[in-house]
Each structure stands twice: as structure tokens, then as C-alpha cells.
Amino acid sequence: MTETINESSEVIKNSDRAMKTVILYEALQKKPIFGSYRRFCKLVGNDTIDYPDFEFWYYRFYRGKTGFDYDRNADPVPKTLMDMPVSLMFKITDNLDTVEKTKLRTVNKSLKDVVDSHALGFQKINIIGSDDYLNWELNDKKFSCYKKENGCVFSTPTKRIKSYKGFIKKSLEYLTPLFKTPKIQVNHLSLTVLDQMPALDDLLPAPFHVKSVKLYAFNMNQVFPFLSALNPGELESINLEAIEALSRDQISRILETEQFKQAKHVQWKIGLNENDLLKFSHLESFKCDLTYLEPVDFQRVREIISTFEVLESCELIFYGDFDRFCIRIVARALEAEIPFGPLKTIKHLYQIPESNEYLEFEIVDDEYYCTMKIRKIR
């Protein structure tokens with residue numbers, strides 16, 4: 001039976017009259033043209049006749065002109081999308097959002113070149129991955145890919161697709177071309193990796209252009225491939241956090257990166273000591289944890305911060321061996337005036353030596369830790 005069908009397909013494919021007979025049948029049945037073309041391709045193959053030629057004969061027969069001998073050589077060459085003036089094409093692509101441009105550049109090389117001539121900009125890209133899913137947001141458009149027993153389920157804002165491919169491979173088919181788009185620029189990138197996912201290590205091309213980044217991982221070693229890809233100097237704000245506690249080697253490695261050295265704003269869930277703090281002098285603002293593994297010299301911390309010339313404000317979080325009265329410990333160490341009775345906030349003003357500038361401290365009690373909010377007054 002299969003051989004008979006294949007033989008019939010070959011006969012139709014090799015006969016112009018037979019192909020037109022099949023198209024005539026579809027047109028006389030008044031079946032929708034897209035379904036008709038799919039059935040035709042299934043019967044004789046996808047490379048037998050292009051859709052524009054099928055469309056011409058279908059509508060000719062549909063309108064009652066059933067002759068097979070019409071000579072099309074005298075017809076004008078049909079216009080295509082690529083015959084559009086370049087200036088008009090630029091105007092159209094200018095009115096597409098970033099996600100629509102990303103899809104358009106996959107149509108053909110000419111459209112890809114038009115899209116790539118513009119800077120592709122995202123206000124935010126958020127990516128969250130674990131060992132059984134990968135989700136991402138491009139501005140306000142959400143995508144997800146979940147691991148299933150025999151493949152994955154990939155969802156976009158407009159469709160849901162079942163695939164036999166692994167969820168990471170399927171996700172990278174979309175994300176890799178996106179990040180390799182020339183001139184791509186991102187205002188804020190958020191990347192969360194909850195499990196070991198080495199397949200994502202090369203996701204970002206270097207240098208990758210982004211102004212602000214938040215990197216959250218199970219172990220800080222997972223962060224380094226992403227951080228090292230970001231363009232130093234252009235990257236202004238860094239937010240780093242790991243579930244596992246950082247080692248001294250990891251802290252030192254971060255402090256020596258060009259990304260950190262050229263940043264303006266930093267937020268870290270990292271236990272810093274006073275010597276680490278010395279390397280924060282170039283920052284306009286920062287928010288970090290102080291170590292609870294060794295004593296903290298708060299007067300030295302204040303002295304160090306007072307020398308930071310470009311600092312506007314910072315926040316330091318102190319756990320104090322989880323002492324419920326750590327606000328008093330900090331205030332006493334800074335020789336601040338401590339009011340009598342229960343306290344939630346203590347304020348302290350410190351004049352920077354040989355200067356008319358001050359550091360304003362607001363020490364806030366959060367039960368088992370306290371936060372020092374420090375602002376420079378010029």
C-alpha cells in the first residue's frame with residue numbers, strides 16, 4: 001500500500017497536468033487554501049511547488065478559470081516583502097518591540113540584516129534555572145521550559161509546545177541566538193541558578209553590554225562565568241548572592257574583578273571584614289553584610305568609610321552572634337548616645353576629621369541583627 005502511494009506521488013510530481021488536477025480538485029471543493037497547500041505538500045513533497053505558484057493556480061481555478069494552458073511568462077514578477085523600499089522597512093522595524101524584532105530576524109538573512117542594523121535594547125531580562133526548568137522574561141514577555149519524562153514543554157506568550165528535546169537544549173535554541181544578537185543592550189539582567197547548570201556557563205557572549213546585574217546562585221563559583229562576561233565600566237550596579245557561605249578565596253576573587261573595581265553601586269550578601277571594606281572606596285553606594293565569624297571593630301569601620309570621597313550612602317548589616325540587643329552593641333562601640341528604654345532606632349552624627357563633612361548613622365534594630373544606614377552629609 002505504501003509503495004502504491006509513493007508511486008502515485010511520483011507520477012503527480014513529474015506531471016504538470018497531474019499537479020494542476022490536484023489543485024483544481026482542492027479549489028472546486030472550496031477548501032481553505034492553507035489546508036489545501038499542506039495536503040498537497042504531504043502528497044507530493046514540500047519541494048514540488050512554491051506556495052505563491054500554488055496560490056495562483058488555486059485562485060484561478062476557484063474563480064472558474066479551469067484551463068491548464070495559461071502561459072504565466074507574460075505576468076509581471078510578483079512582489080515580495082524584500083521588494084519593499086529599505087527606508088520603509090526601517091520604519092516598520094522601528095515600530096516593533098524588542099521581542100518582535102528578535103523573532104523577525106529569524107525569518108531570513110535580509111530581514112536579519114535590517115533588524116541587526118538597529119541597537120536591540122531590553123529594559124530587563126530575568127532568567128531563573130534549576131535542574132528541572134528554565135524560565136525567562138524579556139521585558140514583560142514570559143517564557144518557560146519545563147522538564148518532562150520524555151522531553152520538555154516550552155511555553156511562549158502565544159503558544160505551548162511539547163518537545164522530545166531536553167529542556168536546557170530547547171531553551172538554549174531560543175536564548176543563545178538572542179544573546180548573540182549584534183548591538184544587544186540590556187538595562188538590567190537578573191540571573192538565578194539554583195542548581196549546577198554548566199550548560200549555561202557560556203550563555204553570555206563577552207563583552208556583554210548591561211548596566212545593572214543581579215546574580216543569585218547556589219554556590220558563588222557558578223556566578224563567575226556570568227560576571228566575567230559583563231563589560232567593565234559599562235556595568236554600573238552589581239548585586240551578588242549565594243546560598244552557600246562564601247570562602248575567603250571567593251570574596252578576594254570578586255574584589256579583584258574589573259567589574260567590581262569599575263562599578264558604582266554594589267549589593268552583596270557577603271560577610272565582609274574591615275580589610276575588605278578598604279576596597280569599596282570607589283563606590284557611590286553599597287549594601288553588604290559584615291562578618292559574624294570574627295569581631296568587628298566598628299570605630300575602624302567608621303574611620304574607613306569616612307575616607308571614601310565619592311560615597312553618597314551605604315548600608316551595613318551586622319548579626320552580632322544573633323544577639324537580640326546588637327543595636328546597643330553597635331551604638332556603644334561608636335560611642336553614640338543611647339536613649340533609655342526599648343529602642344528600634346539610634347541616630348549618630350560623626351564629623352569627619354579635618355573636614356566640614358559628616359557621616360549620619362541610623363542604626364535600626366531588626367531583632368536578631370541590626371542595619372547601619374550611613375549617609376554622607378556635605
# chains A, B, ... in the order shown; residues from 1 in each chain; ligands from 1
$ select_by_dssp --residues "range 251-292 of chain A" --states "strand (DSSP E or B)" --output "VMD selection string"
chain A and resid 265 to 272 285 to 290
$ residues_around --residues "Thr307 in chain A" --least-positions-apart "6" --cutoff "10 Å" --atoms "only C-alpha atoms" --output "PyMOL selection string"
chain A and resi 278+281+352-353
$ write_last_selection --atoms "all heavy atoms" --output "compact mmCIF listing (two decimals), in the first residue's frame"
# COMPACT_ATOMS: atom_id res chain seq x y z
N LEU A 278 38.05 48.24 52.76
CA LEU A 278 39.01 49.21 52.21
C LEU A 278 38.91 49.30 50.68
O LEU A 278 39.24 50.33 50.09
CB LEU A 278 40.44 48.82 52.61
CG LEU A 278 40.83 49.03 54.07
CD1 LEU A 278 42.15 48.33 54.37
CD2 LEU A 278 40.93 50.52 54.38
N SER A 281 36.22 51.94 48.29
CA SER A 281 36.35 53.41 48.29
C SER A 281 35.88 54.06 47.00
O SER A 281 35.60 55.26 46.97
CB SER A 281 37.80 53.80 48.57
OG SER A 281 38.64 53.29 47.55
N ILE A 352 33.63 64.16 60.13
CA ILE A 352 34.85 63.61 59.55
C ILE A 352 36.02 64.52 59.94
O ILE A 352 35.95 65.75 59.75
CB ILE A 352 34.72 63.50 58.02
CG1 ILE A 352 33.56 62.55 57.66
CG2 ILE A 352 36.02 63.03 57.40
CD1 ILE A 352 33.24 62.49 56.20
N PRO A 353 37.09 63.94 60.50
CA PRO A 353 38.22 64.76 60.96
C PRO A 353 38.77 65.67 59.86
O PRO A 353 38.86 65.27 58.69
CB PRO A 353 39.26 63.71 61.39
CG PRO A 353 38.44 62.51 61.75
CD PRO A 353 37.28 62.53 60.80
$ residues_around --residues "Lys180 in chain A" --least-positions-apart "3" --cutoff "10 Å" --atoms "only C-alpha atoms" --output "list in words"
Leu175, Thr176, Pro177, Lys183, Ile184, Leu203, Leu204, Pro205, Ala206 and Phe208 of chain A
$ write_last_selection --atoms "all heavy atoms" --output "short mmCIF file (atom, residue, chain, number, x, y, z; two decimals), in the first residue's frame"
data_model
loop_
_atom_site.label_atom_id
_atom_site.label_comp_id
_atom_site.auth_asym_id
_atom_site.auth_seq_id
_atom_site.Cartn_x
_atom_site.Cartn_y
_atom_site.Cartn_z
N LEU A 175 17.53 31.17 23.57
CA LEU A 175 18.34 32.15 24.29
C LEU A 175 19.69 32.44 23.64
O LEU A 175 20.13 33.59 23.62
CB LEU A 175 18.55 31.68 25.73
CG LEU A 175 17.32 31.73 26.63
CD1 LEU A 175 17.61 31.04 27.96
CD2 LEU A 175 16.87 33.16 26.86
N THR A 176 20.35 31.40 23.11
CA THR A 176 21.68 31.61 22.53
C THR A 176 21.66 32.60 21.37
O THR A 176 22.46 33.56 21.36
CB THR A 176 22.30 30.27 22.10
OG1 THR A 176 22.42 29.42 23.25
CG2 THR A 176 23.68 30.47 21.50
N PRO A 177 20.77 32.43 20.37
CA PRO A 177 20.72 33.45 19.30
C PRO A 177 20.35 34.83 19.81
O PRO A 177 20.83 35.84 19.28
CB PRO A 177 19.64 32.91 18.35
CG PRO A 177 19.54 31.45 18.65
CD PRO A 177 19.84 31.33 20.11
N LYS A 183 24.80 44.25 18.77
CA LYS A 183 24.33 45.52 19.36
C LYS A 183 23.27 45.34 20.45
O LYS A 183 22.58 46.29 20.79
CB LYS A 183 23.79 46.47 18.28
CG LYS A 183 24.81 46.82 17.20
CD LYS A 183 24.20 47.79 16.19
CE LYS A 183 25.18 48.13 15.10
NZ LYS A 183 24.60 49.06 14.10
N ILE A 184 23.11 44.13 20.99
CA ILE A 184 22.14 43.96 22.05
C ILE A 184 22.58 44.72 23.29
O ILE A 184 23.76 44.70 23.67
CB ILE A 184 21.93 42.46 22.39
CG1 ILE A 184 20.80 42.31 23.44
CG2 ILE A 184 23.21 41.79 22.85
CD1 ILE A 184 20.40 40.88 23.69
N LEU A 203 26.49 31.15 28.21
CA LEU A 203 25.28 31.79 27.68
C LEU A 203 25.54 33.23 27.24
O LEU A 203 25.06 33.66 26.20
CB LEU A 203 24.18 31.78 28.75
CG LEU A 203 22.85 32.44 28.38
CD1 LEU A 203 22.20 31.71 27.21
CD2 LEU A 203 21.90 32.45 29.58
N LEU A 204 26.31 33.98 28.03
CA LEU A 204 26.55 35.39 27.73
C LEU A 204 27.83 35.55 26.92
O LEU A 204 28.90 35.11 27.35
CB LEU A 204 26.67 36.19 29.02
CG LEU A 204 25.46 36.16 29.97
CD1 LEU A 204 25.75 37.01 31.20
CD2 LEU A 204 24.20 36.63 29.27
N PRO A 205 27.75 36.18 25.75
CA PRO A 205 28.98 36.46 25.00
C PRO A 205 29.76 37.58 25.67
O PRO A 205 29.17 38.42 26.37
CB PRO A 205 28.44 36.91 23.63
CG PRO A 205 27.10 37.49 23.93
CD PRO A 205 26.55 36.69 25.08
N ALA A 206 31.07 37.57 25.52
CA ALA A 206 31.89 38.61 26.14
C ALA A 206 32.44 39.54 25.05
O ALA A 206 32.91 39.06 24.03
CB ALA A 206 33.02 37.98 26.94
N PHE A 208 29.50 41.48 27.29
CA PHE A 208 28.06 41.64 27.23
C PHE A 208 27.69 42.99 27.83
O PHE A 208 28.16 43.34 28.90
CB PHE A 208 27.37 40.52 27.99
CG PHE A 208 25.87 40.53 27.84
CD1 PHE A 208 25.29 40.18 26.63
CD2 PHE A 208 25.05 40.89 28.89
CE1 PHE A 208 23.91 40.20 26.48
CE2 PHE A 208 23.68 40.91 28.75
CZ PHE A 208 23.10 40.56 27.53
#
$ closest_atom_pairs --of "range 264-330 of chain A" --to "range 237-254 of chain A" --cutoff "10 Å" --atoms "only C-alpha atoms" --output "Markdown table"
| residue | atom | partner | partner_atom | distance |
| --- | --- | --- | --- | --- |
| A:Lys264 | CA | A:Ser237 | CA | 6.0 |
| A:His265 | CA | A:Ser237 | CA | 4.6 |
| A:Val266 | CA | A:Ile238 | CA | 4.8 |
| A:Gln267 | CA | A:Asn239 | CA | 4.5 |
| A:Trp268 | CA | A:Leu240 | CA | 4.9 |
| A:Lys269 | CA | A:Glu241 | CA | 5.2 |
| A:Ile270 | CA | A:Leu246 | CA | 6.9 |
| A:Gly271 | CA | A:Leu246 | CA | 7.8 |
| A:Leu272 | CA | A:Ile251 | CA | 8.2 |
| A:Asp276 | CA | A:Ser252 | CA | 8.1 |
| A:Leu283 | CA | A:Ser237 | CA | 9.8 |
| A:Ser285 | CA | A:Ser237 | CA | 9.4 |
| A:Phe286 | CA | A:Ile238 | CA | 9.3 |
| A:Lys287 | CA | A:Asn239 | CA | 9.1 |
| A:Cys288 | CA | A:Asn239 | CA | 9.8 |
$ write_last_selection --atoms "N, CA, C and O atoms" --output "PDB file, in the first residue's frame"
ATOM      1  N   LYS A 264      29.762  51.324  40.282  1.00  0.00           N
ATOM      2  CA  LYS A 264      29.402  52.483  41.109  1.00  0.00           C
ATOM      3  C   LYS A 264      28.542  52.090  42.312  1.00  0.00           C
ATOM      4  O   LYS A 264      28.554  52.780  43.327  1.00  0.00           O
ATOM      5  N   HIS A 265      27.787  51.001  42.144  1.00  0.00           N
ATOM      6  CA  HIS A 265      26.859  50.566  43.188  1.00  0.00           C
ATOM      7  C   HIS A 265      26.975  49.055  43.355  1.00  0.00           C
ATOM      8  O   HIS A 265      26.986  48.320  42.363  1.00  0.00           O
ATOM      9  N   VAL A 266      27.027  48.593  44.599  1.00  0.00           N
ATOM     10  CA  VAL A 266      27.194  47.165  44.876  1.00  0.00           C
ATOM     11  C   VAL A 266      26.269  46.751  46.012  1.00  0.00           C
ATOM     12  O   VAL A 266      26.127  47.475  47.011  1.00  0.00           O
ATOM     13  N   GLN A 267      25.649  45.585  45.850  1.00  0.00           N
ATOM     14  CA  GLN A 267      24.854  44.993  46.921  1.00  0.00           C
ATOM     15  C   GLN A 267      25.239  43.522  47.016  1.00  0.00           C
ATOM     16  O   GLN A 267      25.083  42.783  46.040  1.00  0.00           O
ATOM     17  N   TRP A 268      25.744  43.103  48.187  1.00  0.00           N
ATOM     18  CA  TRP A 268      26.225  41.741  48.362  1.00  0.00           C
ATOM     19  C   TRP A 268      25.731  41.148  49.667  1.00  0.00           C
ATOM     20  O   TRP A 268      25.751  41.809  50.698  1.00  0.00           O
ATOM     21  N   LYS A 269      25.320  39.897  49.608  1.00  0.00           N
ATOM     22  CA  LYS A 269      25.053  39.130  50.835  1.00  0.00           C
ATOM     23  C   LYS A 269      26.337  38.369  51.167  1.00  0.00           C
ATOM     24  O   LYS A 269      26.422  37.152  51.041  1.00  0.00           O
ATOM     25  N   ILE A 270      27.340  39.130  51.574  1.00  0.00           N
ATOM     26  CA  ILE A 270      28.673  38.565  51.800  1.00  0.00           C
ATOM     27  C   ILE A 270      29.194  39.093  53.132  1.00  0.00           C
ATOM     28  O   ILE A 270      29.061  40.285  53.432  1.00  0.00           O
ATOM     29  N   GLY A 271      29.777  38.224  53.945  1.00  0.00           N
ATOM     30  CA  GLY A 271      30.324  38.644  55.232  1.00  0.00           C
ATOM     31  C   GLY A 271      31.682  39.300  55.089  1.00  0.00           C
ATOM     32  O   GLY A 271      32.706  38.614  55.000  1.00  0.00           O
ATOM     33  N   LEU A 272      31.710  40.630  55.090  1.00  0.00           N
ATOM     34  CA  LEU A 272      32.950  41.369  54.883  1.00  0.00           C
ATOM     35  C   LEU A 272      33.619  41.708  56.214  1.00  0.00           C
ATOM     36  O   LEU A 272      32.942  41.905  57.228  1.00  0.00           O
ATOM     37  N   ASP A 276      38.363  44.055  53.843  1.00  0.00           N
ATOM     38  CA  ASP A 276      37.586  44.010  52.594  1.00  0.00           C
ATOM     39  C   ASP A 276      36.996  45.379  52.289  1.00  0.00           C
ATOM     40  O   ASP A 276      36.972  45.836  51.143  1.00  0.00           O
ATOM     41  N   LEU A 283      33.141  53.354  45.326  1.00  0.00           N
ATOM     42  CA  LEU A 283      31.702  53.193  45.127  1.00  0.00           C
ATOM     43  C   LEU A 283      30.919  54.419  45.603  1.00  0.00           C
ATOM     44  O   LEU A 283      31.267  55.052  46.594  1.00  0.00           O
ATOM     45  N   SER A 285      27.604  53.960  46.292  1.00  0.00           N
ATOM     46  CA  SER A 285      26.730  53.365  47.305  1.00  0.00           C
ATOM     47  C   SER A 285      26.983  51.869  47.361  1.00  0.00           C
ATOM     48  O   SER A 285      27.414  51.262  46.381  1.00  0.00           O
ATOM     49  N   PHE A 286      26.706  51.259  48.508  1.00  0.00           N
ATOM     50  CA  PHE A 286      26.812  49.812  48.638  1.00  0.00           C
ATOM     51  C   PHE A 286      25.977  49.345  49.824  1.00  0.00           C
ATOM     52  O   PHE A 286      25.661  50.124  50.740  1.00  0.00           O
ATOM     53  N   LYS A 287      25.603  48.070  49.783  1.00  0.00           N
ATOM     54  CA  LYS A 287      24.847  47.429  50.865  1.00  0.00           C
ATOM     55  C   LYS A 287      25.411  46.032  51.039  1.00  0.00           C
ATOM     56  O   LYS A 287      25.357  45.211  50.123  1.00  0.00           O
ATOM     57  N   CYS A 288      25.966  45.747  52.215  1.00  0.00           N
ATOM     58  CA  CYS A 288      26.653  44.477  52.442  1.00  0.00           C
ATOM     59  C   CYS A 288      26.463  44.003  53.885  1.00  0.00           C
ATOM     60  O   CYS A 288      26.125  44.787  54.776  1.00  0.00           O
TER      61      CYS A 288
END
$ residues_around --residues "Lys148 in chain A" --least-positions-apart "5" --cutoff "10 Å" --atoms "only C-alpha atoms" --output "list of chain:residue names"
A:Asp132, A:Tyr133, A:Val153, A:Lys162, A:Ser163, A:Tyr164, A:Lys165, A:Gly166, A:Phe167
